[in-house]
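Structure file query-v6.pdb; described as PDB, C-alpha atoms, pLDDT in the B column.
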```
MODEL        1
ATOM      1  CA  MET A   1      24.549 137.446  99.218  1.00 59.00           C
ATOM      2  CA  SER A   2      24.117 133.886  98.011  1.00 74.00           C
ATOM      3  CA  ALA A   3      26.838 131.456  99.075  1.00 87.00           C
ATOM      4  CA  ILE A   4      28.442 128.998  96.681  1.00 91.00           C
ATOM      5  CA  ARG A   5      31.185 126.588  97.775  1.00 92.00           C
ATOM      6  CA  LYS A   6      32.903 124.081  95.500  1.00 93.00           C
ATOM      7  CA  VAL A   7      34.849 121.037  96.705  1.00 92.00           C
ATOM      8  CA  THR A   8      37.177 119.371  94.205  1.00 93.00           C
ATOM      9  CA  ILE A   9      37.280 115.608  94.653  1.00 93.00           C
ATOM     10  CA  PRO A  10      40.915 114.362  94.679  1.00 92.00           C
ATOM     11  CA  ALA A  11      42.241 111.691  92.308  1.00 90.00           C
ATOM     12  CA  GLY A  12      41.413 108.143  93.355  1.00 91.00           C
ATOM     13  CA  VAL A  13      38.244 109.253  95.156  1.00 93.00           C
ATOM     14  CA  LYS A  14      34.718 108.975  93.743  1.00 93.00           C
ATOM     15  CA  ALA A  15      31.698 110.972  94.929  1.00 93.00           C
ATOM     16  CA  GLN A  16      28.086 110.391  93.963  1.00 92.00           C
ATOM     17  CA  LEU A  17      24.857 111.986  95.097  1.00 92.00           C
ATOM     18  CA  GLU A  18      21.740 109.807  95.446  1.00 92.00           C
ATOM     19  CA  GLY A  19      18.909 112.133  96.398  1.00 91.00           C
ATOM     20  CA  SER A  20      20.344 113.958  99.393  1.00 90.00           C
ATOM     21  CA  LEU A  21      22.798 111.179 100.369  1.00 93.00           C
ATOM     22  CA  LEU A  22      26.416 111.936  99.416  1.00 94.00           C
ATOM     23  CA  ARG A  23      28.475 108.761  99.051  1.00 94.00           C
ATOM     24  CA  VAL A  24      32.289 109.124  98.860  1.00 94.00           C
ATOM     25  CA  THR A  25      34.386 106.075  97.941  1.00 93.00           C
ATOM     26  CA  GLY A  26      38.172 105.842  98.070  1.00 93.00           C
ATOM     27  CA  PRO A  27      41.070 103.433  98.630  1.00 94.00           C
ATOM     28  CA  LYS A  28      40.337 103.072 102.386  1.00 93.00           C
ATOM     29  CA  GLY A  29      36.592 102.519 102.082  1.00 94.00           C
ATOM     30  CA  GLN A  30      33.278 104.301 101.719  1.00 94.00           C
ATOM     31  CA  VAL A  31      31.584 107.032 103.767  1.00 95.00           C
ATOM     32  CA  SER A  32      28.073 108.384 103.265  1.00 94.00           C
ATOM     33  CA  ARG A  33      26.233 111.310 104.801  1.00 94.00           C
ATOM     34  CA  ASN A  34      22.822 112.919 104.433  1.00 95.00           C
ATOM     35  CA  MET A  35      23.444 116.425 103.061  1.00 92.00           C
ATOM     36  CA  ARG A  36      19.808 117.584 103.230  1.00 93.00           C
ATOM     37  CA  PHE A  37      19.202 121.034 104.696  1.00 93.00           C
ATOM     38  CA  PRO A  38      16.357 123.457 103.874  1.00 92.00           C
ATOM     39  CA  GLN A  39      17.256 126.041 101.183  1.00 93.00           C
ATOM     40  CA  VAL A  40      20.676 124.449 100.557  1.00 93.00           C
ATOM     41  CA  VAL A  41      21.296 122.790  97.170  1.00 94.00           C
ATOM     42  CA  VAL A  42      24.004 120.128  96.824  1.00 93.00           C
ATOM     43  CA  THR A  43      25.026 118.941  93.337  1.00 93.00           C
ATOM     44  CA  CYS A  44      27.732 116.543  92.192  1.00 92.00           C
ATOM     45  CA  GLU A  45      29.107 116.783  88.652  1.00 89.00           C
ATOM     46  CA  GLY A  46      32.294 115.063  87.547  1.00 85.00           C
ATOM     47  CA  ASN A  47      34.971 115.565  90.186  1.00 90.00           C
ATOM     48  CA  GLU A  48      33.327 118.544  91.887  1.00 92.00           C
ATOM     49  CA  VAL A  49      30.672 118.862  94.601  1.00 93.00           C
ATOM     50  CA  THR A  50      28.880 122.222  94.673  1.00 94.00           C
ATOM     51  CA  ILE A  51      27.022 123.432  97.762  1.00 94.00           C
ATOM     52  CA  SER A  52      24.966 126.603  97.287  1.00 93.00           C
ATOM     53  CA  THR A  53      22.083 128.658  98.618  1.00 94.00           C
ATOM     54  CA  GLU A  54      20.123 131.694  97.466  1.00 93.00           C
ATOM     55  CA  SER A  55      19.242 132.670 101.033  1.00 91.00           C
ATOM     56  CA  LYS A  56      20.618 135.748 102.760  1.00 91.00           C
ATOM     57  CA  ARG A  57      20.152 134.310 106.268  1.00 92.00           C
ATOM     58  CA  LYS A  58      23.345 133.877 108.292  1.00 93.00           C
ATOM     59  CA  GLU A  59      22.417 130.400 109.634  1.00 93.00           C
ATOM     60  CA  ILE A  60      21.851 128.987 106.161  1.00 92.00           C
ATOM     61  CA  ASN A  61      25.063 130.534 104.763  1.00 93.00           C
ATOM     62  CA  ALA A  62      26.942 129.040 107.733  1.00 93.00           C
ATOM     63  CA  MET A  63      25.440 125.628 106.939  1.00 94.00           C
ATOM     64  CA  VAL A  64      26.875 125.855 103.403  1.00 94.00           C
ATOM     65  CA  GLY A  65      30.351 126.118 104.965  1.00 94.00           C
ATOM     66  CA  THR A  66      29.577 123.272 107.359  1.00 95.00           C
ATOM     67  CA  LEU A  67      28.497 120.960 104.531  1.00 95.00           C
ATOM     68  CA  GLU A  68      31.649 121.942 102.603  1.00 95.00           C
ATOM     69  CA  ALA A  69      33.787 120.956 105.617  1.00 95.00           C
ATOM     70  CA  HIS A  70      31.905 117.632 105.929  1.00 95.00           C
ATOM     71  CA  THR A  71      32.567 116.892 102.240  1.00 95.00           C
ATOM     72  CA  LYS A  72      36.298 117.692 102.579  1.00 95.00           C
ATOM     73  CA  ASN A  73      36.536 115.483 105.690  1.00 95.00           C
ATOM     74  CA  MET A  74      34.830 112.616 103.855  1.00 95.00           C
ATOM     75  CA  CYS A  75      37.321 112.907 100.960  1.00 94.00           C
ATOM     76  CA  ARG A  76      40.285 113.027 103.358  1.00 94.00           C
ATOM     77  CA  GLY A  77      38.918 110.105 105.379  1.00 94.00           C
ATOM     78  CA  VAL A  78      38.592 107.683 102.456  1.00 95.00           C
ATOM     79  CA  SER A  79      42.043 108.598 101.104  1.00 93.00           C
ATOM     80  CA  GLU A  80      44.171 109.086 104.267  1.00 93.00           C
ATOM     81  CA  GLY A  81      41.986 108.200 107.257  1.00 93.00           C
ATOM     82  CA  PHE A  82      41.925 109.825 110.692  1.00 96.00           C
ATOM     83  CA  GLU A  83      44.012 108.955 113.745  1.00 96.00           C
ATOM     84  CA  TYR A  84      43.543 110.192 117.320  1.00 96.00           C
ATOM     85  CA  HIS A  85      46.225 109.606 119.964  1.00 97.00           C
ATOM     86  CA  MET A  86      45.140 109.531 123.601  1.00 96.00           C
ATOM     87  CA  LYS A  87      47.426 109.521 126.641  1.00 96.00           C
ATOM     88  CA  VAL A  88      46.669 107.582 129.827  1.00 95.00           C
ATOM     89  CA  VAL A  89      47.555 109.786 132.825  1.00 94.00           C
ATOM     90  CA  TYR A  90      47.599 108.536 136.419  1.00 91.00           C
ATOM     91  CA  SER A  91      49.471 109.480 139.545  1.00 89.00           C
ATOM     92  CA  HIS A  92      47.619 107.555 142.231  1.00 79.00           C
ATOM     93  CA  PHE A  93      46.536 104.145 140.882  1.00 89.00           C
ATOM     94  CA  PRO A  94      47.794 102.510 137.661  1.00 93.00           C
ATOM     95  CA  ILE A  95      44.939 102.352 135.141  1.00 93.00           C
ATOM     96  CA  GLN A  96      44.439  99.032 133.344  1.00 94.00           C
ATOM     97  CA  LEU A  97      42.862  99.020 129.892  1.00 94.00           C
ATOM     98  CA  LYS A  98      41.208  96.086 128.101  1.00 94.00           C
ATOM     99  CA  LEU A  99      39.519  96.044 124.704  1.00 94.00           C
ATOM    100  CA  GLN A 100      36.390  93.876 124.688  1.00 92.00           C
ATOM    101  CA  GLY A 101      34.651  94.021 121.331  1.00 90.00           C
ATOM    102  CA  ASN A 102      33.373  97.562 120.858  1.00 93.00           C
ATOM    103  CA  ARG A 103      34.040  98.582 124.478  1.00 95.00           C
ATOM    104  CA  LEU A 104      37.160  99.808 126.265  1.00 95.00           C
ATOM    105  CA  GLU A 105      37.201  98.580 129.875  1.00 95.00           C
ATOM    106  CA  ILE A 106      38.977 101.000 132.238  1.00 95.00           C
ATOM    107  CA  ALA A 107      39.861  99.125 135.436  1.00 94.00           C
ATOM    108  CA  ASN A 108      41.424 100.412 138.688  1.00 93.00           C
ATOM    109  CA  PHE A 109      40.618 104.039 137.810  1.00 92.00           C
ATOM    110  CA  LEU A 110      41.322 105.979 141.043  1.00 90.00           C
ATOM    111  CA  GLY A 111      41.308 102.627 142.833  1.00 91.00           C
ATOM    112  CA  GLU A 112      37.634 101.973 142.081  1.00 90.00           C
ATOM    113  CA  LYS A 113      36.564  98.348 142.369  1.00 94.00           C
ATOM    114  CA  LYS A 114      34.048  98.541 139.513  1.00 95.00           C
ATOM    115  CA  ALA A 115      35.517  98.991 136.031  1.00 94.00           C
ATOM    116  CA  ARG A 116      34.353 101.901 133.881  1.00 94.00           C
ATOM    117  CA  SER A 117      33.700 101.376 130.181  1.00 95.00           C
ATOM    118  CA  ALA A 118      33.627 103.520 127.051  1.00 96.00           C
ATOM    119  CA  ARG A 119      31.939 102.656 123.751  1.00 96.00           C
ATOM    120  CA  ILE A 120      34.087 102.503 120.610  1.00 96.00           C
ATOM    121  CA  GLU A 121      31.900 103.385 117.609  1.00 95.00           C
ATOM    122  CA  ALA A 122      31.461 100.890 114.752  1.00 93.00           C
ATOM    123  CA  GLY A 123      34.052 101.463 112.024  1.00 92.00           C
ATOM    124  CA  VAL A 124      36.706 102.699 114.467  1.00 95.00           C
ATOM    125  CA  VAL A 125      39.758 100.558 115.280  1.00 95.00           C
ATOM    126  CA  ALA A 126      41.269 100.993 118.745  1.00 95.00           C
ATOM    127  CA  LYS A 127      44.771  99.917 119.760  1.00 95.00           C
ATOM    128  CA  VAL A 128      45.974  99.940 123.359  1.00 95.00           C
ATOM    129  CA  ALA A 129      49.713 100.135 124.042  1.00 90.00           C
ATOM    130  CA  ASN A 130      51.292 100.872 127.451  1.00 87.00           C
ATOM    131  CA  ASP A 131      50.073 104.400 128.266  1.00 91.00           C
ATOM    132  CA  GLU A 132      48.558 105.246 124.906  1.00 94.00           C
ATOM    133  CA  VAL A 133      45.291 104.550 123.073  1.00 96.00           C
ATOM    134  CA  VAL A 134      45.235 105.037 119.286  1.00 96.00           C
ATOM    135  CA  LEU A 135      41.904 105.344 117.461  1.00 96.00           C
ATOM    136  CA  THR A 136      41.809 105.101 113.659  1.00 96.00           C
ATOM    137  CA  GLY A 137      39.002 105.212 111.126  1.00 95.00           C
ATOM    138  CA  ILE A 138      37.742 106.810 107.919  1.00 95.00           C
ATOM    139  CA  ASP A 139      34.812 108.746 109.433  1.00 94.00           C
ATOM    140  CA  ARG A 140      36.090 111.745 111.412  1.00 95.00           C
ATOM    141  CA  GLU A 141      32.864 112.050 113.385  1.00 95.00           C
ATOM    142  CA  LEU A 142      32.932 108.435 114.590  1.00 96.00           C
ATOM    143  CA  VAL A 143      36.623 108.588 115.558  1.00 96.00           C
ATOM    144  CA  GLY A 144      36.053 111.857 117.432  1.00 96.00           C
ATOM    145  CA  ASN A 145      32.964 110.480 119.200  1.00 96.00           C
ATOM    146  CA  SER A 146      34.895 107.394 120.324  1.00 96.00           C
ATOM    147  CA  ALA A 147      37.660 109.614 121.743  1.00 96.00           C
ATOM    148  CA  ALA A 148      35.049 111.750 123.505  1.00 96.00           C
ATOM    149  CA  ASN A 149      33.414 108.620 124.971  1.00 97.00           C
ATOM    150  CA  ILE A 150      36.763 107.533 126.436  1.00 96.00           C
ATOM    151  CA  GLU A 151      37.497 110.998 127.878  1.00 96.00           C
ATOM    152  CA  HIS A 152      33.992 111.167 129.322  1.00 96.00           C
ATOM    153  CA  ALA A 153      34.286 107.721 130.945  1.00 95.00           C
ATOM    154  CA  THR A 154      37.286 108.909 132.987  1.00 93.00           C
ATOM    155  CA  HIS A 155      35.665 112.145 134.169  1.00 92.00           C
ATOM    156  CA  ILE A 156      36.339 112.718 137.884  1.00 90.00           C
ATOM    157  CA  ARG A 157      33.501 113.875 140.132  1.00 88.00           C
ATOM    158  CA  ASP A 158      33.604 115.081 143.754  1.00 89.00           C
ATOM    159  CA  ARG A 159      37.378 115.547 143.843  1.00 88.00           C
ATOM    160  CA  ASP A 160      39.672 118.510 143.303  1.00 88.00           C
ATOM    161  CA  PRO A 161      40.672 118.490 139.581  1.00 83.00           C
ATOM    162  CA  ARG A 162      43.946 120.271 140.385  1.00 87.00           C
ATOM    163  CA  VAL A 163      45.053 117.328 142.527  1.00 87.00           C
ATOM    164  CA  PHE A 164      43.352 114.410 140.733  1.00 87.00           C
ATOM    165  CA  GLN A 165      44.402 114.804 137.111  1.00 89.00           C
ATOM    166  CA  ASP A 166      44.050 111.102 136.326  1.00 91.00           C
ATOM    167  CA  GLY A 167      42.277 110.197 133.095  1.00 93.00           C
ATOM    168  CA  ILE A 168      42.642 109.453 129.400  1.00 94.00           C
ATOM    169  CA  TYR A 169      43.084 112.593 127.304  1.00 95.00           C
ATOM    170  CA  ILE A 170      43.356 113.411 123.591  1.00 94.00           C
ATOM    171  CA  VAL A 171      46.901 114.591 122.852  1.00 95.00           C
ATOM    172  CA  GLN A 172      46.971 114.486 119.053  1.00 94.00           C
ATOM    173  CA  ARG A 173      44.408 114.590 116.264  1.00 90.00           C
ATOM    174  CA  GLY A 174      45.342 113.829 112.709  1.00 80.00           C
TER     175      GLY A 174
ENDMDL
END
```
Since I need it in another form, could you write the structure as structure tokens?
Amino acid sequence: MSAIRKVTIPAGVKAQLEGSLLRVTGPKGQVSRNMRFPQVVVTCEGNEVTISTESKRKEINAMVGTLEAHTKNMCRGVSEGFEYHMKVVYSHFPIQLKLQGNRLEIANFLGEKKARSARIEAGVVAKVANDEVVLTGIDRELVGNSAANIEHATHIRDRDPRVFQDGIYIVQRG
């Protein structure tokens, strides 16, 4: 039960394998990722990346699918990019957002005097408009981590979550 997955690289996108580092280059930029995993073989020939294993173990076969998904996301990222939309929700105190370098300052959250902050990962562009935050980038993992950092920064402790639904939440991934 050996698993073999092939990913066809779309036109306008170049993929090359240097050791275990897969580097994908496209019109929007370049993304690289270490594809090393025990008993999994990754090869790149022409416009096709092949991920295979001879193992019969479920965990290793699952990793073949995971590496295939990573490769597809890298190809999509350098050609189209990724965009996450987040909605600012408040009912008690108006939340004020400020971008300062690679940090998003969240002021007046639940009336707190001290501002909360969330890290925006390198390579991710954040835009703040009225009650919406838009994160864009070519690496899906970095864009998703930045969105998670923002959601986590507005986590409410010691209050009833049914009453206090204030926060910044992901409403659209794309």
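Our summary of the geometry notes that CA of Val88 in chain A is positioned 7.8 Å from CA of Asp166 in chain A.
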List the residues matched by the PyMOL selection byres ((chain A and resi 69-77) around 7) in the displayed structure as a PDB file with C-alpha atoms, in the frame of the given file, ordered by chain and then by residue number.
```pdb
ATOM      1  CA  VAL A   7      34.849 121.037  96.705  1.00 92.00           C
ATOM      2  CA  ILE A   9      37.280 115.608  94.653  1.00 93.00           C
ATOM      3  CA  VAL A  13      38.244 109.253  95.156  1.00 93.00           C
ATOM      4  CA  VAL A  24      32.289 109.124  98.860  1.00 94.00           C
ATOM      5  CA  VAL A  31      31.584 107.032 103.767  1.00 95.00           C
ATOM      6  CA  GLY A  65      30.351 126.118 104.965  1.00 94.00           C
ATOM      7  CA  THR A  66      29.577 123.272 107.359  1.00 95.00           C
ATOM      8  CA  LEU A  67      28.497 120.960 104.531  1.00 95.00           C
ATOM      9  CA  GLU A  68      31.649 121.942 102.603  1.00 95.00           C
ATOM     10  CA  VAL A  78      38.592 107.683 102.456  1.00 95.00           C
ATOM     11  CA  SER A  79      42.043 108.598 101.104  1.00 93.00           C
ATOM     12  CA  GLU A  80      44.171 109.086 104.267  1.00 93.00           C
ATOM     13  CA  GLY A  81      41.986 108.200 107.257  1.00 93.00           C
ATOM     14  CA  PHE A  82      41.925 109.825 110.692  1.00 96.00           C
ATOM     15  CA  ILE A 138      37.742 106.810 107.919  1.00 95.00           C
ATOM     16  CA  ASP A 139      34.812 108.746 109.433  1.00 94.00           C
ATOM     17  CA  ARG A 140      36.090 111.745 111.412  1.00 95.00           C
TER      18      ARG A 140
END
```
| Between A:Tyr84, A:His155, A:Gln16, A:Glu112, which one has atoms that come closest to Ile170 in chain A, using only C-alpha atoms? | A:Tyr84
Non-local contacts of Gly12 in chain A (8 Å; all atoms listed in the file; under 2 positions in same chain excluded) as a tab-separated table (two decimals) with C-alpha atoms, in the frame of the given file:
```
chain	number	residue	atom	x	y	z
A	10	PRO	CA	40.92	114.36	94.68
A	14	LYS	CA	34.72	108.98	93.74
A	26	GLY	CA	38.17	105.84	98.07
A	27	PRO	CA	41.07	103.43	98.63
A	79	SER	CA	42.04	108.60	101.10
```
| query | What is the CA of Met35 in chain A to CA of Asn149 in chain A distance in Å? | reply | 25.3 Å
Specify the axis-aligned box that encloses all atoms of range 76-86 of chain A listed in the file after padding of 5 Å on each side, stating its centre and edge lengths in Å to one decimal as lines of an AutoDock Vina configuration file.
```
center_x = 42.4
center_y = 110.4
center_z = 112.4
size_x = 17.6
size_y = 15.3
size_z = 32.5
```
| Applied to the shown file, which residues does the PyMOL selection byres ((chain A and resi 120-125) around 8) return, written as a list in words? | Asn102, Arg103, Leu104, Ala118, Arg119, Ala126, Lys127, Leu135, Thr136, Gly137, Ile138, Asp139, Leu142, Val143, Asn145, Ser146 and Asn149 of chain A
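Using all atoms listed in the file, the nearest neighbour of Ser2 in chain A within the list A:Gln30, A:Ala129, A:Gly144, A:Ser55 is A:Ser55.
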Give me range 101-125 of chain A with N, CA and C atoms filled in, as a PDB file, in the coordinates of the input.
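Below is the file that was written, result.pdb:
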```
ATOM      1  N   GLY A 101      35.570  93.732 122.425  1.00 90.00           N
ATOM      2  CA  GLY A 101      34.651  94.021 121.331  1.00 90.00           C
ATOM      3  C   GLY A 101      34.644  95.502 121.011  1.00 90.00           C
ATOM      4  N   ASN A 102      33.463  96.127 121.148  1.00 93.00           N
ATOM      5  CA  ASN A 102      33.373  97.562 120.858  1.00 93.00           C
ATOM      6  C   ASN A 102      33.378  98.396 122.137  1.00 93.00           C
ATOM      7  N   ARG A 103      33.944  97.862 123.210  1.00 95.00           N
ATOM      8  CA  ARG A 103      34.040  98.582 124.478  1.00 95.00           C
ATOM      9  C   ARG A 103      35.490  98.598 124.969  1.00 95.00           C
ATOM     10  N   LEU A 104      35.854  99.711 125.622  1.00 95.00           N
ATOM     11  CA  LEU A 104      37.160  99.808 126.265  1.00 95.00           C
ATOM     12  C   LEU A 104      36.906  99.781 127.763  1.00 95.00           C
ATOM     13  N   GLU A 105      37.375  98.729 128.427  1.00 95.00           N
ATOM     14  CA  GLU A 105      37.201  98.580 129.875  1.00 95.00           C
ATOM     15  C   GLU A 105      38.343  99.307 130.580  1.00 95.00           C
ATOM     16  N   ILE A 106      37.993 100.217 131.495  1.00 95.00           N
ATOM     17  CA  ILE A 106      38.977 101.000 132.238  1.00 95.00           C
ATOM     18  C   ILE A 106      38.907 100.540 133.689  1.00 95.00           C
ATOM     19  N   ALA A 107      39.873  99.709 134.096  1.00 94.00           N
ATOM     20  CA  ALA A 107      39.861  99.125 135.436  1.00 94.00           C
ATOM     21  C   ALA A 107      40.842  99.866 136.349  1.00 94.00           C
ATOM     22  N   ASN A 108      40.578  99.832 137.650  1.00 93.00           N
ATOM     23  CA  ASN A 108      41.424 100.412 138.688  1.00 93.00           C
ATOM     24  C   ASN A 108      41.573 101.927 138.539  1.00 93.00           C
ATOM     25  N   PHE A 109      40.567 102.585 137.954  1.00 92.00           N
ATOM     26  CA  PHE A 109      40.618 104.039 137.810  1.00 92.00           C
ATOM     27  C   PHE A 109      40.376 104.661 139.181  1.00 92.00           C
ATOM     28  N   LEU A 110      41.354 105.390 139.700  1.00 90.00           N
ATOM     29  CA  LEU A 110      41.322 105.979 141.043  1.00 90.00           C
ATOM     30  C   LEU A 110      41.074 104.932 142.132  1.00 90.00           C
ATOM     31  N   GLY A 111      41.456 103.691 141.856  1.00 91.00           N
ATOM     32  CA  GLY A 111      41.308 102.627 142.833  1.00 91.00           C
ATOM     33  C   GLY A 111      39.899 102.084 142.959  1.00 91.00           C
ATOM     34  N   GLU A 112      39.014 102.443 142.019  1.00 90.00           N
ATOM     35  CA  GLU A 112      37.634 101.973 142.081  1.00 90.00           C
ATOM     36  C   GLU A 112      37.580 100.466 141.818  1.00 90.00           C
ATOM     37  N   LYS A 113      36.699  99.794 142.544  1.00 94.00           N
ATOM     38  CA  LYS A 113      36.564  98.348 142.369  1.00 94.00           C
ATOM     39  C   LYS A 113      35.834  98.000 141.074  1.00 94.00           C
ATOM     40  N   LYS A 114      34.822  98.795 140.721  1.00 95.00           N
ATOM     41  CA  LYS A 114      34.048  98.541 139.513  1.00 95.00           C
ATOM     42  C   LYS A 114      34.725  99.207 138.312  1.00 95.00           C
ATOM     43  N   ALA A 115      34.868  98.456 137.235  1.00 94.00           N
ATOM     44  CA  ALA A 115      35.517  98.991 136.031  1.00 94.00           C
ATOM     45  C   ALA A 115      34.564  99.932 135.291  1.00 94.00           C
ATOM     46  N   ARG A 116      35.122 100.998 134.737  1.00 94.00           N
ATOM     47  CA  ARG A 116      34.353 101.901 133.881  1.00 94.00           C
ATOM     48  C   ARG A 116      34.509 101.430 132.449  1.00 94.00           C
ATOM     49  N   SER A 117      33.561 101.791 131.573  1.00 95.00           N
ATOM     50  CA  SER A 117      33.700 101.376 130.181  1.00 95.00           C
ATOM     51  C   SER A 117      33.307 102.520 129.253  1.00 95.00           C
ATOM     52  N   ALA A 118      33.905 102.510 128.075  1.00 96.00           N
ATOM     53  CA  ALA A 118      33.627 103.520 127.051  1.00 96.00           C
ATOM     54  C   ALA A 118      33.332 102.798 125.741  1.00 96.00           C
ATOM     55  N   ARG A 119      32.323 103.285 125.013  1.00 96.00           N
ATOM     56  CA  ARG A 119      31.939 102.656 123.751  1.00 96.00           C
ATOM     57  C   ARG A 119      32.838 103.141 122.618  1.00 96.00           C
ATOM     58  N   ILE A 120      33.336 102.192 121.834  1.00 96.00           N
ATOM     59  CA  ILE A 120      34.087 102.503 120.610  1.00 96.00           C
ATOM     60  C   ILE A 120      33.086 102.348 119.462  1.00 96.00           C
ATOM     61  N   GLU A 121      32.892 103.402 118.685  1.00 95.00           N
ATOM     62  CA  GLU A 121      31.900 103.385 117.609  1.00 95.00           C
ATOM     63  C   GLU A 121      32.263 102.358 116.535  1.00 95.00           C
ATOM     64  N   ALA A 122      31.252 101.851 115.838  1.00 93.00           N
ATOM     65  CA  ALA A 122      31.461 100.890 114.752  1.00 93.00           C
ATOM     66  C   ALA A 122      32.239 101.569 113.630  1.00 93.00           C
ATOM     67  N   GLY A 123      33.229 100.887 113.087  1.00 92.00           N
ATOM     68  CA  GLY A 123      34.052 101.463 112.024  1.00 92.00           C
ATOM     69  C   GLY A 123      35.306 102.131 112.544  1.00 92.00           C
ATOM     70  N   VAL A 124      35.509 102.107 113.860  1.00 95.00           N
ATOM     71  CA  VAL A 124      36.706 102.699 114.467  1.00 95.00           C
ATOM     72  C   VAL A 124      37.549 101.564 115.053  1.00 95.00           C
ATOM     73  N   VAL A 125      38.841 101.577 114.765  1.00 95.00           N
ATOM     74  CA  VAL A 125      39.758 100.558 115.280  1.00 95.00           C
ATOM     75  C   VAL A 125      40.554 101.171 116.425  1.00 95.00           C
TER      76      VAL A 125
END
```
